[in-house]
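As stored in start.txt (compact mmCIF, C-alpha atoms and all ligand atoms):
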```
# COMPACT_ATOMS: atom_id res chain seq x y z
CA MET A 705 -25.67 33.53 50.32
CA TYR A 706 -24.71 31.60 53.45
CA SER A 707 -24.62 32.97 56.99
CA GLU A 708 -21.40 33.01 59.00
CA LYS A 709 -22.81 30.26 61.24
CA VAL A 710 -23.52 28.00 58.26
CA MET A 711 -19.99 28.57 56.97
CA ASP A 712 -18.53 27.92 60.43
CA HIS A 713 -20.40 24.61 60.86
CA PHE A 714 -19.54 23.60 57.30
CA MET A 715 -15.82 24.39 57.70
CA HIS A 716 -15.61 23.07 61.28
CA PRO A 717 -18.39 20.53 61.74
CA ARG A 718 -19.00 19.42 65.33
CA ASN A 719 -19.47 15.80 66.40
CA VAL A 720 -18.32 14.12 63.19
CA GLY A 721 -17.76 10.37 63.21
CA GLU A 722 -19.26 7.38 64.95
CA VAL A 723 -20.29 6.96 68.57
CA GLU A 724 -18.91 3.80 70.10
CA ASN A 725 -21.69 1.77 71.70
CA ALA A 726 -24.36 3.83 69.99
CA ASN A 727 -27.82 2.49 70.84
CA GLY A 728 -29.66 4.46 68.18
CA ILE A 729 -28.44 4.73 64.58
CA GLY A 730 -30.41 6.15 61.70
CA THR A 731 -29.72 6.83 58.04
CA VAL A 732 -31.75 8.99 55.72
CA GLY A 733 -31.14 10.27 52.23
CA ASN A 734 -32.51 12.28 49.41
CA ALA A 735 -32.71 10.36 46.16
CA THR A 736 -32.87 13.58 44.16
CA CYS A 737 -29.60 15.16 45.26
CA GLY A 738 -28.03 11.86 46.34
CA ASP A 739 -27.03 13.12 49.77
CA ILE A 740 -26.95 10.73 52.73
CA MET A 741 -26.85 11.42 56.47
CA LYS A 742 -26.18 8.95 59.25
CA MET A 743 -26.81 9.84 62.89
CA TYR A 744 -25.48 8.00 65.96
CA LEU A 745 -26.92 8.36 69.48
CA ARG A 746 -25.95 6.92 72.84
CA ILE A 747 -28.91 7.37 75.13
CA GLU A 748 -28.77 6.69 78.87
CA ASN A 749 -31.73 7.32 81.19
CA ASP A 750 -33.57 9.29 78.53
CA VAL A 751 -30.65 11.66 77.97
CA ILE A 752 -28.59 11.98 74.75
CA GLU A 753 -25.18 11.37 76.29
CA GLU A 754 -23.35 11.20 72.96
CA VAL A 755 -24.26 12.10 69.42
CA SER A 756 -22.34 12.15 66.16
CA PHE A 757 -22.99 12.11 62.45
CA LYS A 758 -21.53 11.22 59.10
CA THR A 759 -22.85 13.16 56.13
CA PHE A 760 -22.14 12.50 52.51
CA GLY A 761 -23.63 15.62 51.11
CA CYS A 762 -23.66 19.29 50.38
CA GLY A 763 -22.34 22.03 52.64
CA ALA A 764 -25.79 22.85 54.00
CA ALA A 765 -26.37 19.19 54.88
CA ILE A 766 -23.08 19.13 56.79
CA ALA A 767 -23.82 22.41 58.57
CA THR A 768 -27.36 21.38 59.54
CA SER A 769 -26.31 17.97 60.80
CA SER A 770 -23.51 19.58 62.82
CA MET A 771 -25.92 22.11 64.34
CA ALA A 772 -28.57 19.43 64.97
CA THR A 773 -26.08 17.35 66.98
CA GLU A 774 -25.12 20.42 69.04
CA MET A 775 -28.78 21.14 69.75
CA ILE A 776 -29.58 17.69 71.11
CA LYS A 777 -26.32 16.82 72.89
CA GLY A 778 -26.95 16.44 76.62
CA ARG A 779 -30.67 17.02 76.14
CA THR A 780 -33.55 14.66 76.80
CA VAL A 781 -35.03 12.30 74.25
CA LYS A 782 -38.17 14.43 74.37
CA ASP A 783 -36.18 17.52 73.36
CA ALA A 784 -34.62 15.58 70.50
CA LEU A 785 -38.06 14.42 69.36
CA ASN A 786 -39.19 18.04 69.23
CA LEU A 787 -36.23 19.20 67.15
CA THR A 788 -37.47 20.67 63.88
CA ASN A 789 -35.61 21.62 60.73
CA LYS A 790 -36.97 25.13 61.30
CA ALA A 791 -35.24 25.38 64.67
CA VAL A 792 -31.99 24.11 63.14
CA MET A 793 -32.24 26.67 60.35
CA GLU A 794 -32.94 29.47 62.82
CA ALA A 795 -29.93 28.45 64.90
CA LEU A 796 -27.85 28.77 61.73
CA ASP A 797 -29.31 32.22 60.93
CA GLY A 798 -31.20 30.83 57.98
CA LEU A 799 -30.62 28.93 54.75
CA PRO A 800 -31.39 29.79 51.13
CA PRO A 801 -34.80 28.37 50.07
CA VAL A 802 -33.24 25.76 47.74
CA LYS A 803 -31.34 24.39 50.74
CA VAL A 804 -34.29 23.91 53.10
CA HIS A 805 -34.51 20.20 52.24
CA CYS A 806 -30.96 19.75 53.59
CA SER A 807 -32.19 20.79 57.04
CA VAL A 808 -35.10 18.35 56.72
CA LEU A 809 -32.51 15.64 56.19
CA ALA A 810 -30.95 16.55 59.58
CA GLU A 811 -34.34 16.53 61.33
CA GLN A 812 -35.24 13.18 59.84
CA ALA A 813 -31.82 11.65 60.60
CA VAL A 814 -32.37 12.41 64.30
CA LYS A 815 -35.84 10.86 64.10
CA ALA A 816 -34.47 7.77 62.32
CA ALA A 817 -31.86 7.29 65.07
CA LEU A 818 -34.52 7.71 67.77
CA SER A 819 -36.75 5.18 65.99
CA ASP A 820 -33.88 2.71 65.96
CA TYR A 821 -33.33 3.35 69.69
CA TYR A 822 -36.95 2.52 70.53
CA THR A 823 -36.98 -0.51 68.23
CA LYS A 824 -33.88 -1.85 70.00
CA GLN A 825 -35.70 -1.39 73.34
CA GLY A 826 -38.56 -3.52 72.00
CA ILE A 827 -40.83 -0.47 71.81
CA ASP A 828 -42.82 0.40 68.69
CA PRO A 829 -41.37 3.79 67.66
CA LEU A 830 -44.23 4.84 65.41
CA PRO A 831 -46.58 6.28 68.09
CA ILE A 832 -43.66 8.13 69.75
CA VAL A 833 -41.46 9.27 66.88
CA GLY A 834 -43.99 9.24 64.05
CA PRO A 835 -43.17 8.26 60.49
CA VAL A 836 -39.60 8.77 59.33
CA MET A 837 -38.92 9.88 55.78
CA ASN A 838 -36.03 7.71 54.70
CA ASP A 839 -36.08 9.51 51.39
CA VAL A 840 -36.50 13.20 52.13
CA HIS A 841 -37.53 13.76 48.53
CA GLU A 842 -40.97 12.48 49.59
CA HIS A 843 -41.16 15.63 51.67
CA ASP A 844 -40.44 17.82 48.66
CA ASN A 845 -43.30 16.13 46.86
CA LEU A 846 -45.64 17.33 49.59
CA GLY A 847 -44.86 20.83 48.43
CA GLU A 848 -43.08 21.91 51.61
FE1 LIG B 1 -29.45 17.69 49.11
FE2 LIG B 1 -28.18 19.51 50.46
S1 LIG B 1 -28.46 19.46 48.33
S2 LIG B 1 -28.97 17.65 51.21
```
Using structure tokens, write down the structure from this file.
Amino acid sequence: MYSEKVMDHFMHPRNVGEVENANGIGTVGNATCGDIMKMYLRIENDVIEEVSFKTFGCGAAIATSSMATEMIKGRTVKDALNLTNKAVMEALDGLPPVKVHCSVLAEQAVKAALSDYYTKQGIDPLPIVGPVMNDVHEHDNLGE
């Protein structure tokens, strides 16, 4: 049911915990399954210098948040903005259809942390980051 990569990131999640001096922190959840994901970023000169997460959730949520942090670590803010749940799923060699929303949680947690970063800089995040789904269930309701 789960790929080896999903199992690996679930059993040995990368970048777990909090980043000291994080300048972008975002939390999203899914009211339906009750899972919560918190993402921490330390951004310097438009580069994600440090990233970590804390996930209270299912195995797929842990694996996707772990992979998402690996995919944006050391990359530019622009790269992080372009991270999609599809790319995270592909990097994990796929997820079962009922677990797709878990990867959306990871995508939205990164966006929430980036929004917080811009807000702290005194910049309106909406035109740059777009709307953040704090409850990913809203996404399910769109039929995606
Ligand atoms: Fe909800 Fe995985 S079951 S995040």
Original post:
With distances taken over only C-alpha atoms and all ligand atoms, which of A:Met711, A:Ala764, A:Val836, A:Val755 is nearest to ligand LIG 1 (chain B)?
Top reply: A:Ala764
Original post:
Could you state the separation of atom FE2 of ligand LIG 1 (chain B) and CA of Pro801 (chain A) in Å, given to one decimal place?
Top reply: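 Calculated distance between atom FE2 of ligand LIG 1 (chain B) and CA of Pro801 (chain A) is 11.1 Å.
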Subject >> Test item: residues at most 10 Å from Met771 (chain A), only C-alpha atoms, excluding those fewer than 3 positions along its chain, as a list in words >> reply: Lys709, Val710, His713, Phe714, Pro717, Arg718, Asn719, Ala765, Ile766, Ala767, Thr768, Glu774, Met775, Ile776, Ala791, Val792, Met793, Ala795, Leu796, Ser807 and Ala810 of chain A
Next, the residues of the selection above should be written as a PDB file, in the frame of the given file with C-alpha atoms.
```pdb
ATOM      1  CA  LYS A 709     -22.810  30.260  61.240  1.00  0.00           C
ATOM      2  CA  VAL A 710     -23.520  28.000  58.260  1.00  0.00           C
ATOM      3  CA  HIS A 713     -20.400  24.610  60.860  1.00  0.00           C
ATOM      4  CA  PHE A 714     -19.540  23.600  57.300  1.00  0.00           C
ATOM      5  CA  PRO A 717     -18.390  20.530  61.740  1.00  0.00           C
ATOM      6  CA  ARG A 718     -19.000  19.420  65.330  1.00  0.00           C
ATOM      7  CA  ASN A 719     -19.470  15.800  66.400  1.00  0.00           C
ATOM      8  CA  ALA A 765     -26.370  19.190  54.880  1.00  0.00           C
ATOM      9  CA  ILE A 766     -23.080  19.130  56.790  1.00  0.00           C
ATOM     10  CA  ALA A 767     -23.820  22.410  58.570  1.00  0.00           C
ATOM     11  CA  THR A 768     -27.360  21.380  59.540  1.00  0.00           C
ATOM     12  CA  GLU A 774     -25.120  20.420  69.040  1.00  0.00           C
ATOM     13  CA  MET A 775     -28.780  21.140  69.750  1.00  0.00           C
ATOM     14  CA  ILE A 776     -29.580  17.690  71.110  1.00  0.00           C
ATOM     15  CA  ALA A 791     -35.240  25.380  64.670  1.00  0.00           C
ATOM     16  CA  VAL A 792     -31.990  24.110  63.140  1.00  0.00           C
ATOM     17  CA  MET A 793     -32.240  26.670  60.350  1.00  0.00           C
ATOM     18  CA  ALA A 795     -29.930  28.450  64.900  1.00  0.00           C
ATOM     19  CA  LEU A 796     -27.850  28.770  61.730  1.00  0.00           C
ATOM     20  CA  SER A 807     -32.190  20.790  57.040  1.00  0.00           C
ATOM     21  CA  ALA A 810     -30.950  16.550  59.580  1.00  0.00           C
TER      22      ALA A 810
END
```
Subject >> Exercise: His841 (chain A) partners within 9 Å, all atoms listed in the file, chain neighbours under 6 positions left out, as a PyMOL selection string >> reply: chain A and resi 733-737+805
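Among the candidates A:Gly761, A:Ser770, A:Asp828, A:Asp839, the residue lying nearest to ligand LIG 1 (chain B) is A:Gly761 (atoms considered: all atoms listed in the file).
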Original post:
What is the distance, in Å and to one decimal place, between CA of Phe760 (chain A) and CA of Ala726 (chain A)?
Top reply: 19.6 Å
Original post:
Which residue out of A:Met715, A:Val814, A:Met837, A:Val732 has the minimum interatomic distance to ligand LIG 1 (chain B) when all atoms listed in the file are used?
Top reply: A:Val732
Original post:
Around (-33.5, 7.4, 64.0) in the file's own coordinates, what residues are found within 8 Å if you use only C-alpha atoms, given back as number ranges by chain?
Top reply: A: 728-731, 743, 812-821, 836
Box along x, y and z, 5 Å on every side, all listed atoms of ligand LIG 1 (chain B) inside: centre and edge lengths in Å to one decimal, as lines of an AutoDock Vina configuration file.
```
center_x = -28.8
center_y = 18.6
center_z = 49.8
size_x = 11.3
size_y = 11.9
size_z = 12.9
```
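We find CA of His716 (chain A) and CA of Ser769 (chain A) to be spaced 11.9 Å apart.
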For Thr780 (chain A): contacts at 12 Å, all atoms listed in the file, fewer than 6 positions along chain excluded, given as a CSV table (one decimal) with C-alpha atoms, in the frame of the given file:
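Heads up, here's the output in around.csv:
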```csv
chain,number,residue,atom,x,y,z
A,745,LEU,CA,-26.9,8.4,69.5
A,746,ARG,CA,-26.0,6.9,72.8
A,747,ILE,CA,-28.9,7.4,75.1
A,748,GLU,CA,-28.8,6.7,78.9
A,749,ASN,CA,-31.7,7.3,81.2
A,750,ASP,CA,-33.6,9.3,78.5
A,751,VAL,CA,-30.6,11.7,78.0
A,752,ILE,CA,-28.6,12.0,74.8
A,753,GLU,CA,-25.2,11.4,76.3
A,754,GLU,CA,-23.4,11.2,73.0
A,786,ASN,CA,-39.2,18.0,69.2
A,787,LEU,CA,-36.2,19.2,67.2
A,818,LEU,CA,-34.5,7.7,67.8
```
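Across A:Arg779, A:Lys824, A:Lys742, A:Lys803, the tightest approach to ligand LIG 1 (chain B) is made by A:Lys803 when counting only C-alpha atoms and all ligand atoms.
Here the question is which of A:Thr788, A:Thr759, A:Thr773, A:Asn838 gets nearest to Glu811 (chain A) using all atoms listed in the file, and that residue is A:Thr788.
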**OP:** Identify which of the residues A:Pro800, A:Pro831, A:Gly738, A:Gly721 lies closest to ligand LIG 1 (chain B), counting all atoms listed in the file when measuring atom-to-atom distances.
**Re:** A:Gly738
Could you give me region 808-820 of chain A completed to N, CA and C atoms, formatted as a tab-separated table (two decimals), in the frame of the given file?
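What ended up in rebuild.tsv:
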```tsv
chain	number	residue	atom	x	y	z
A	808	VAL	N	-34.12	19.42	56.46
A	808	VAL	CA	-35.10	18.35	56.72
A	808	VAL	C	-34.38	17.01	56.86
A	809	LEU	N	-33.32	16.86	56.10
A	809	LEU	CA	-32.51	15.64	56.19
A	809	LEU	C	-31.97	15.49	57.63
A	810	ALA	N	-31.49	16.60	58.21
A	810	ALA	CA	-30.95	16.55	59.58
A	810	ALA	C	-32.05	16.20	60.58
A	811	GLU	N	-33.22	16.83	60.44
A	811	GLU	CA	-34.34	16.53	61.33
A	811	GLU	C	-34.73	15.06	61.24
A	812	GLN	N	-34.81	14.55	60.03
A	812	GLN	CA	-35.24	13.18	59.84
A	812	GLN	C	-34.16	12.17	60.26
A	813	ALA	N	-32.89	12.55	60.16
A	813	ALA	CA	-31.82	11.65	60.60
A	813	ALA	C	-31.89	11.45	62.12
A	814	VAL	N	-32.20	12.52	62.85
A	814	VAL	CA	-32.37	12.41	64.30
A	814	VAL	C	-33.56	11.50	64.61
A	815	LYS	N	-34.64	11.69	63.88
A	815	LYS	CA	-35.84	10.86	64.10
A	815	LYS	C	-35.54	9.39	63.77
A	816	ALA	N	-34.80	9.15	62.71
A	816	ALA	CA	-34.47	7.77	62.32
A	816	ALA	C	-33.64	7.10	63.42
A	817	ALA	N	-32.70	7.85	64.00
A	817	ALA	CA	-31.86	7.29	65.07
A	817	ALA	C	-32.71	7.03	66.32
A	818	LEU	N	-33.64	7.92	66.61
A	818	LEU	CA	-34.52	7.71	67.77
A	818	LEU	C	-35.43	6.51	67.54
A	819	SER	N	-35.91	6.34	66.32
A	819	SER	CA	-36.75	5.18	65.99
A	819	SER	C	-35.98	3.88	66.21
A	820	ASP	N	-34.72	3.89	65.79
A	820	ASP	CA	-33.88	2.71	65.96
A	820	ASP	C	-33.67	2.43	67.46
```
